[in-house]
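What follows is the content of my_file-v7.txt (compact mmCIF, C-alpha atoms (C1' of nucleotides)).
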# COMPACT_ATOMS: atom_id res chain seq x y z
CA MET A 252 30.82 -36.27 49.59
CA SER A 253 27.36 -37.74 49.08
CA PHE A 254 25.68 -39.00 45.93
CA TRP A 255 22.13 -38.17 44.91
CA LEU A 256 19.32 -38.71 42.47
CA ILE A 257 16.64 -36.18 41.63
CA LYS A 258 13.50 -36.86 39.62
CA SER A 259 11.80 -34.54 37.26
CA ARG A 260 8.84 -34.80 34.99
CA PRO A 261 10.25 -33.59 31.70
CA SER A 262 6.98 -31.86 30.84
CA ALA A 263 7.56 -29.72 33.91
CA PHE A 264 11.36 -29.37 33.81
CA SER A 265 13.59 -31.50 31.60
CA TRP A 266 17.29 -32.19 31.30
CA ALA A 267 17.27 -29.99 28.19
CA ASP A 268 15.76 -27.20 30.27
CA LEU A 269 18.59 -27.55 32.77
CA GLU A 270 21.24 -27.44 30.04
CA ALA A 271 19.57 -24.36 28.58
CA ALA A 272 19.37 -22.54 31.90
CA PRO A 273 21.78 -19.68 32.66
CA ALA A 274 25.07 -21.21 33.84
CA ARG A 275 23.34 -24.60 33.28
CA THR A 276 22.03 -24.10 36.79
CA THR A 277 18.61 -23.88 38.38
CA ALA A 278 17.16 -23.60 41.88
CA TRP A 279 15.42 -26.88 42.65
CA ALA A 280 12.29 -25.12 43.86
CA GLY A 281 8.85 -26.42 44.66
CA VAL A 282 9.70 -29.59 46.56
CA ARG A 283 7.08 -30.02 49.28
CA ASN A 284 8.05 -33.26 50.92
CA TYR A 285 9.78 -33.25 54.28
CA GLN A 286 12.16 -36.10 53.60
CA ALA A 287 13.31 -34.53 50.35
CA ARG A 288 13.56 -31.16 52.04
CA ASN A 289 15.71 -32.58 54.81
CA PHE A 290 18.14 -34.04 52.29
CA MET A 291 18.45 -30.71 50.53
CA ARG A 292 18.57 -28.61 53.66
CA ASP A 293 20.88 -30.77 55.75
CA ARG A 294 22.86 -33.14 53.60
CA MET A 295 23.42 -31.87 50.06
CA LYS A 296 26.67 -29.96 49.64
CA PRO A 297 28.15 -28.05 46.71
CA GLY A 298 29.98 -30.45 44.42
CA ASP A 299 27.94 -33.51 45.36
CA PRO A 300 27.18 -35.54 42.20
CA VAL A 301 23.53 -35.91 41.18
CA LEU A 302 21.83 -38.27 38.76
CA PHE A 303 19.04 -36.54 36.85
CA TYR A 304 16.04 -38.80 36.23
CA HIS A 305 13.05 -38.34 33.92
CA SER A 306 9.83 -39.68 35.42
CA GLN A 307 6.28 -40.08 34.12
CA ILE A 308 7.21 -40.84 30.56
CA PRO A 309 6.86 -44.12 28.64
CA LYS A 310 10.49 -45.05 29.34
CA PRO A 311 11.55 -43.47 32.62
CA ALA A 312 15.34 -43.15 32.75
CA VAL A 313 18.41 -41.53 34.22
CA ILE A 314 19.47 -39.09 31.54
CA GLY A 315 22.12 -36.76 32.91
CA LEU A 316 24.89 -36.13 35.40
CA ALA A 317 24.50 -32.97 37.44
CA GLU A 318 25.91 -31.58 40.65
CA VAL A 319 24.84 -29.61 43.65
CA ALA A 320 25.77 -26.01 42.91
CA SER A 321 24.95 -24.14 46.12
CA GLU A 322 24.42 -24.41 49.81
CA SER A 323 20.78 -24.83 50.77
CA TYR A 324 18.59 -21.80 51.29
CA PRO A 325 14.86 -21.12 51.75
CA ASP A 326 12.74 -21.85 48.69
CA PRO A 327 11.33 -18.46 47.67
CA THR A 328 8.27 -19.99 45.99
CA GLN A 329 6.83 -20.86 49.41
CA PHE A 330 6.29 -17.13 50.04
CA ASP A 331 4.81 -16.30 46.63
CA PRO A 332 0.98 -16.25 46.69
CA GLY A 333 0.96 -16.48 42.91
CA HIS A 334 3.03 -19.64 42.81
CA ARG A 335 1.49 -23.06 42.47
CA ARG A 336 3.55 -24.24 45.44
CA TYR A 337 2.76 -21.27 47.64
CA ASP A 338 2.61 -22.32 51.28
CA PRO A 339 0.50 -19.94 53.38
CA THR A 340 1.78 -21.58 56.55
CA ALA A 341 5.40 -20.64 55.82
CA ALA A 342 6.78 -17.44 57.32
CA VAL A 343 9.83 -15.61 56.05
CA ALA A 344 11.22 -15.57 59.58
CA GLU A 345 10.64 -19.31 59.80
CA PRO A 346 10.91 -20.91 56.37
CA ARG A 347 9.47 -24.36 55.97
CA TRP A 348 10.94 -25.35 52.61
CA TYR A 349 14.54 -25.32 51.43
CA LEU A 350 16.28 -25.94 48.14
CA VAL A 351 19.70 -26.28 46.58
CA GLU A 352 20.78 -25.21 43.13
CA ILE A 353 21.51 -27.90 40.56
CA ARG A 354 24.00 -27.58 37.71
CA ALA A 355 24.13 -29.76 34.59
CA VAL A 356 27.50 -31.47 34.20
CA ARG A 357 26.90 -33.60 31.12
CA GLN A 358 24.27 -35.69 29.44
CA LEU A 359 24.84 -39.42 29.68
CA GLU A 360 26.06 -41.21 26.57
CA ARG A 361 22.66 -42.88 26.60
CA PRO A 362 19.71 -42.89 28.96
CA VAL A 363 19.72 -45.70 31.49
CA LEU A 364 16.17 -47.01 31.66
CA LEU A 365 14.43 -47.80 34.89
CA ARG A 366 13.74 -51.22 33.42
CA GLU A 367 17.50 -51.84 33.06
CA LEU A 368 18.22 -50.61 36.56
CA ARG A 369 15.73 -53.14 37.90
CA GLU A 370 17.76 -55.91 36.25
CA GLN A 371 20.91 -55.06 38.22
CA PRO A 372 21.10 -57.12 41.40
CA GLU A 373 23.77 -54.84 42.85
CA LEU A 374 21.39 -51.89 42.67
CA GLU A 375 18.83 -53.48 44.96
CA GLY A 376 18.20 -51.10 47.80
CA MET A 377 18.21 -47.98 45.66
CA ASP A 378 15.13 -46.06 46.72
CA LEU A 379 14.25 -45.46 43.08
CA LEU A 380 13.75 -49.20 42.59
CA ARG A 381 11.33 -49.62 45.46
CA GLN A 382 7.84 -50.35 44.24
CA ARG A 383 6.13 -47.01 43.70
CA SER A 384 8.96 -44.97 45.12
CA ARG A 385 7.86 -41.35 45.35
CA LEU A 386 10.84 -39.63 46.90
CA SER A 387 11.98 -36.98 44.42
CA VAL A 388 15.32 -36.22 46.07
CA GLN A 389 17.14 -39.26 47.34
CA PRO A 390 20.63 -40.40 48.33
CA VAL A 391 22.32 -43.05 46.18
CA PRO A 392 24.98 -45.41 47.51
CA PRO A 393 28.31 -44.48 45.86
CA ALA A 394 28.75 -47.91 44.28
CA ALA A 395 25.27 -47.75 42.80
CA PHE A 396 25.91 -44.26 41.47
CA LEU A 397 29.06 -45.41 39.68
CA ARG A 398 27.28 -48.48 38.38
CA VAL A 399 24.63 -46.31 36.73
CA LEU A 400 27.31 -44.26 34.99
CA GLN A 401 28.95 -47.48 33.92
CA LEU A 402 25.68 -48.72 32.42
CA ALA A 403 25.47 -45.48 30.47
CA GLY A 404 28.84 -46.30 28.95
CA SER A 405 30.67 -43.67 30.92
CA ASP A 406 33.71 -44.01 33.03
CA ALA A 407 33.50 -42.26 36.37
CA GLY A 408 35.11 -39.17 34.88
CA GLY A 409 34.58 -36.07 36.91
CA VAL A 410 32.89 -37.88 39.72
CA SER A 411 35.40 -39.67 41.88
C1' DG B 300 -6.34 -43.46 32.17
C1' DC B 301 -5.83 -46.61 36.01
C1' DC B 302 -4.61 -47.45 40.42
C1' DA B 303 -1.53 -48.50 44.38
C1' DA B 304 1.09 -46.32 47.78
C1' DC B 305 2.04 -42.68 50.52
C1' DG B 306 1.96 -38.19 52.89
C1' DT B 307 -0.91 -34.71 54.76
C1' DT B 308 -4.96 -32.72 56.79
C1' DG B 309 -8.52 -32.22 59.90
C1' DG B 310 -12.61 -33.78 62.61
C1' DC B 311 -13.45 -36.16 66.60
C1' DG C 207 -3.86 -39.85 69.06
C1' DC C 208 -6.76 -42.12 65.66
C1' DC C 209 -8.20 -42.61 61.20
C1' DA C 210 -10.93 -41.38 57.12
C1' DA C 211 -10.69 -38.39 53.33
C1' DC C 212 -8.07 -36.36 50.11
C1' DG C 213 -4.27 -35.07 47.01
C1' DT C 214 -0.14 -36.42 44.69
C1' DT C 215 3.21 -39.36 42.55
C1' DG C 216 4.58 -42.23 39.03
C1' DG C 217 4.87 -46.89 36.73
C1' DC C 218 2.35 -49.28 33.65
Show the structure stored in the file as structure tokens.
Amino acid sequence: MSFWLIKSRPSAFSWADLEAAPARTTAWAGVRNYQARNFMRDRMKPGDPVLFYHSQIPKPAVIGLAEVASESYPDPTQFDPGHRRYDPTAAVAEPRWYLVEIRAVRQLERPVLLRELREQPELEGMDLLRQRSRLSVQPVPPAAFLRVLQLAGSDAGGVS
DNA sequence: GCCAACGTTGGC
DNA sequence: GCCAACGTTGGC
């Protein structure tokens, strides 16, 4: 099992949106970064725990616990000329972009602010904490993942 | 709104 | 293969 963090701009898609989605699940579509794609396509497996992070707000924070809810499959938005993330270079026979589905497990007892995460020496090395990290789908070391839940006031319930 | 850091594109 | 231009991300 691997542990992950995904970022979302709440104005585009928030934790509340995920909780309100049918079956609390959504296809994580629109990612157009090869590193992020490779994680989704090759490494993310159903049941893997995922931290859900709100970016581009005054207090960026991890807000929810989610999980991978499907195997990876081609992102349909790459083939849709009307979609903002349409990729004219992608062919159905040879998809370029892949996604997994994400399911909300539970909201954290409280958001864990980026500022707080930066104060934790044992979290050094998390990609999120790199200066100007831009990777929107990233692996998290298991110990760091549990530490974030701990900071939120959770036990590791449902994760380990 | 600013701006640094990247990733991608495309001319050469 | 180089590298400038460009677009995007995301903290502040």
Closest-contact table, chain A side, partner chain B, 9 Å, counting all atoms listed in the file, as CSV:
residue,atom,partner,partner_atom,distance
A:Asn284,CA,B:DG306,C1',8.1
A:Gln382,CA,B:DA304,C1',8.6
A:Arg383,CA,B:DA304,C1',6.5
A:Ser384,CA,B:DA304,C1',8.4
A:Arg385,CA,B:DC305,C1',7.9
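Proximity ranking of A:Arg369, A:Lys310, A:Arg381, A:Arg283 relative to Arg260 in chain A places A:Lys310 first, based on all atoms listed in the file.
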Contacts of Ala394 in chain A at 9 Å (all atoms listed in the file; same-chain gap of 4+ positions) as a count of residues only:
4
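Reported to one decimal place, the separation of CA of Ala355 in chain A from CA of Ala274 in chain A is 8.6 Å.
Interatomic distance, CA of Val356 in chain A to CA of Arg294 in chain A: 20.0 Å.
These residues, each with an atom at most 9 Å from (5.9, -14.6, 51.1) using only C-alpha atoms (C1' of nucleotides), are Pro327, Thr328, Gln329, Phe330, Asp331, Pro332, Tyr337, Asp338, Pro339, Ala341, Ala342 and Val343 of chain A.
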Export C-alpha atoms of the chosen residues as a PDB file, in the coordinates of the input?
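Final output, saved to again15.pdb:
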ATOM      1  CA  PRO A 327      11.330 -18.460  47.670  1.00  0.00           C
ATOM      2  CA  THR A 328       8.270 -19.990  45.990  1.00  0.00           C
ATOM      3  CA  GLN A 329       6.830 -20.860  49.410  1.00  0.00           C
ATOM      4  CA  PHE A 330       6.290 -17.130  50.040  1.00  0.00           C
ATOM      5  CA  ASP A 331       4.810 -16.300  46.630  1.00  0.00           C
ATOM      6  CA  PRO A 332       0.980 -16.250  46.690  1.00  0.00           C
ATOM      7  CA  TYR A 337       2.760 -21.270  47.640  1.00  0.00           C
ATOM      8  CA  ASP A 338       2.610 -22.320  51.280  1.00  0.00           C
ATOM      9  CA  PRO A 339       0.500 -19.940  53.380  1.00  0.00           C
ATOM     10  CA  ALA A 341       5.400 -20.640  55.820  1.00  0.00           C
ATOM     11  CA  ALA A 342       6.780 -17.440  57.320  1.00  0.00           C
ATOM     12  CA  VAL A 343       9.830 -15.610  56.050  1.00  0.00           C
TER      13      VAL A 343
END
Centre and edge lengths of an axis-aligned box around all listed atoms of range 301-308 of chain B, with 6 Å added on each side, are to be given in Å to one decimal, as AutoDock Vina command-line options.
--center_x -1.9 --center_y -40.6 --center_z 46.4 --size_x 19.9 --size_y 27.8 --size_z 32.8
Any idea what the distance is between CA of Ala280 in chain A and CA of Gln358 in chain A?
21.5 Å
Counting all atoms listed in the file, the option among A:Arg347, A:Arg361, A:Arg354, A:Arg336 closest to Arg288 in chain A
A:Arg347
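With distances taken over all atoms listed in the file, A:Met377 is the one residue among A:Ala403, A:Val319, A:Leu368, A:Met377 lying closest to Pro390 in chain A.
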When you look at Val363 in chain A with a cut-off of 7 Å (counting all atoms listed in the file), what residues show up, excluding the ones that are within fewer than 5 positions of it in the same chain? I need them as a VMD selection string.
chain A and resid 312 to 314 402 to 403
